[in-house]
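A.B. asks: What follows is a structure written as structure tokens; I'll ask about it next.
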Amino acid sequence: MQEELRTLASRLRAARTVTVMTGAGVSAASGVPTFRGPEGLWRSFRPEDLATPSAFERDPALVWEWYAWRRQRVASCRPNAAHEVLARWSHDESTQVHVVTQNVDDLHLRAGTRGLIRLHGSLWEAKCFDGCAAGARAWRDETVTLTNRLPRCPHCDGLARPAVVWFGESLDATDVARAAEAASCDVFLTVGTSAIVYPAAGFARIARGRGAYIAEINLEQTPASASADVSIFGAAEDVLPTLDRLLVAG
Ligand code: BJW
């Protein structure tokens with residue numbers, strides 16, 4: 001692993017533009033559950049019951065209860081060393097670093113990441129489920145413990161829903177455009193994602209097609225490993241600080 005780390009560090013040192021795509025593995029050490037894998041959310045909950053528009057239509061109270069539980073859990077978590085390194089890189093003056101995340105927790109933001117691109121929305125925001133024009137714009141929603149009334153849209157009083165991207169839903173066009181632009185980079189680094197959910201998983205290939213060096217940090221192999229120039233198998237919260245130290249040491 002030392003050799004791979006040194007190779008990646010030298011690529012990063014030479015890069016003018018770096019894009020990092022993060023997934024749930026980056027927040028795992030903070031105590032936020034991942035989706036897949038032995039302890040993942042999808043082991044105990046079925047996505048089709050909780051993370052689709054039809055699930056919400058069928059039982060909005062159940063879906064809100066699940067999101068309220070996850071909010072409570074994330075509220076007690078703190079950014080870890082991986083978030084902190086990426087936040088520092090995002091402020092680098094000499095290299096332009098974009099962080100694109102699939103995570104709906106706010107740990108990258110709490111770590112101070114600049115210009116964060118959030119592909120799957122935010123656990124802490126809501127939007128109108130009834131589709132009113134004003135309620136399409138997400139608002140901050142602090143309702144963590146559900147009382148007797150489900151959250152409502154402040155514009156039309158329709159049902160409000162979590163402002164996250166469920167299966168079968170389109171991602172926000174502006175976020176996708178920003179991520180696509182960020183895929184034009186010298187190094188594209190994928191960290192802590194199973195790389196199976198699209199369109200997020202497709203950006204590495206786009207970056208590769210535009211000539212980027214592709215690197216991956218994960219505990220295990222993923223579908224992205226085969227086309228990566230280098231794969232580093234280790235925990236993001238260990239590997240990123242080690243890389244950072246190598247970069248600082250020059
Ligand atoms: C560590 C670690 C440590 C652990 N250090 N590593 C093209 C091909 C095939 C399918 C599709 C396609 N285009 C669209 C689809 C359908 C679908 C899709 O991709 N399905 C696949 C599952 C097959 N995509 C969609 O539906 C998307 N919409 C869309 O494309 O719209 C256009 C359209 C519309 C209508 C019809 C057709 C197309 C939307 C996807 C939305 C995903 N939403 C979720 C839930 C968000 C809300 C919520 O949180 O409740 O997003 S699902 C879930 O998966 C969540 C995550 O962001 C996402 C990715 O998961 P992630 O981050 O990779 O986590 P894990 O758990 O999977 O992996 C963790 C990894 O970390 C593991 O690899 C570990 O090893 C590693 N790890 N600890 C380093 N310490």
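Letters A, B, ... mark the chains of the structure tokens in the order given; residue numbers begin at 1 per chain; ligand numbers begin at 1, in order shown.
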Please provide as a ChimeraX atom specification all residues within 7 Å of range 240-250 of chain A, with the sequence filter that same-chain residues fewer than 4 positions apart are discarded (counting only C-alpha atoms).
C.D. replies: /A:5,9,13,81-82,85,236
A.B. asks: Distance table requested - range 104-184 of chain A against range 190-213 of chain A, cut-off 7 Å, only C-alpha atoms: one row per qualifying residue with the closest atom pair and its distance in Å to one decimal, ordered by chain and rising residue number, as a tab-separated table.
C.D. replies:
```
residue	atom	partner	partner_atom	distance
A:Ala180	CA	A:Phe203	CA	6.9
A:Ala183	CA	A:Ala207	CA	4.7
A:Ser184	CA	A:Ala207	CA	5.8
```
A.B. asks: I'd like the contact shell of Asp157 in chain A - 10 Å cut-off, only C-alpha atoms, skipping same-chain residues fewer than 4 positions apart - returned as a list in words.
C.D. replies: Cys128, Asp130, Cys132, Gly135, Pro151, Arg152 and Cys153 of chain A
A.B. asks: Just the selected residues (N, CA, C and O atoms), exported as a PDB file, in the first residue's frame, please.
C.D. replies:
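selection-v5.pdb, written as the output of this step:
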```pdb
ATOM      1  N   CYS A 128     -41.610  20.418  -0.953  1.00  0.00           N
ATOM      2  CA  CYS A 128     -43.033  20.091  -1.069  1.00  0.00           C
ATOM      3  C   CYS A 128     -43.221  18.772  -1.819  1.00  0.00           C
ATOM      4  O   CYS A 128     -42.635  18.581  -2.886  1.00  0.00           O
ATOM      5  N   ASP A 130     -46.276  17.804  -2.720  1.00  0.00           N
ATOM      6  CA  ASP A 130     -47.427  18.008  -3.604  1.00  0.00           C
ATOM      7  C   ASP A 130     -47.055  18.737  -4.892  1.00  0.00           C
ATOM      8  O   ASP A 130     -47.919  18.949  -5.749  1.00  0.00           O
ATOM      9  N   CYS A 132     -45.877  21.951  -5.424  1.00  0.00           N
ATOM     10  CA  CYS A 132     -46.128  23.379  -5.678  1.00  0.00           C
ATOM     11  C   CYS A 132     -44.805  24.039  -6.083  1.00  0.00           C
ATOM     12  O   CYS A 132     -43.726  23.599  -5.667  1.00  0.00           O
ATOM     13  N   GLY A 135     -42.497  25.463  -3.300  1.00  0.00           N
ATOM     14  CA  GLY A 135     -41.997  24.409  -2.406  1.00  0.00           C
ATOM     15  C   GLY A 135     -41.026  23.449  -3.055  1.00  0.00           C
ATOM     16  O   GLY A 135     -40.515  22.522  -2.412  1.00  0.00           O
ATOM     17  N   PRO A 151     -44.646  17.209   8.791  1.00  0.00           N
ATOM     18  CA  PRO A 151     -44.220  18.523   8.288  1.00  0.00           C
ATOM     19  C   PRO A 151     -45.007  18.923   7.036  1.00  0.00           C
ATOM     20  O   PRO A 151     -45.305  18.077   6.198  1.00  0.00           O
ATOM     21  N   ARG A 152     -45.365  20.208   6.958  1.00  0.00           N
ATOM     22  CA  ARG A 152     -46.149  20.706   5.818  1.00  0.00           C
ATOM     23  C   ARG A 152     -45.325  21.729   5.032  1.00  0.00           C
ATOM     24  O   ARG A 152     -44.406  22.359   5.570  1.00  0.00           O
ATOM     25  N   CYS A 153     -45.705  21.905   3.792  1.00  0.00           N
ATOM     26  CA  CYS A 153     -45.070  22.911   2.937  1.00  0.00           C
ATOM     27  C   CYS A 153     -45.522  24.302   3.406  1.00  0.00           C
ATOM     28  O   CYS A 153     -46.733  24.544   3.514  1.00  0.00           O
TER      29      CYS A 153
END
```
A.B. asks: For range 23-34 of chain A, find every residue with an atom within 9 Å (counting only C-alpha atoms), except residues of its own chain fewer than 3 positions away, and show them as a VMD selection string.
C.D. replies: chain A and resid 37 39 to 42 70 73 to 74 76 to 83 101 to 105 107 to 108 190 to 195 218 to 219 235 to 237
A.B. asks: What gap, in Å, lies between CA of Glu169 in chain A and CA of Gln72 in chain A?
C.D. replies: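 Result for CA of Glu169 in chain A versus CA of Gln72 in chain A: 25.1 Å, one decimal.
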A.B. asks: For Asp141 in chain A, which of A:Trp166, A:Phe45, A:Tyr67, A:Trp124 is the closest residue, counting only C-alpha atoms?
C.D. replies: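 Between A:Trp166, A:Phe45, A:Tyr67, A:Trp124, the residue approaching Asp141 in chain A most closely is A:Trp124.
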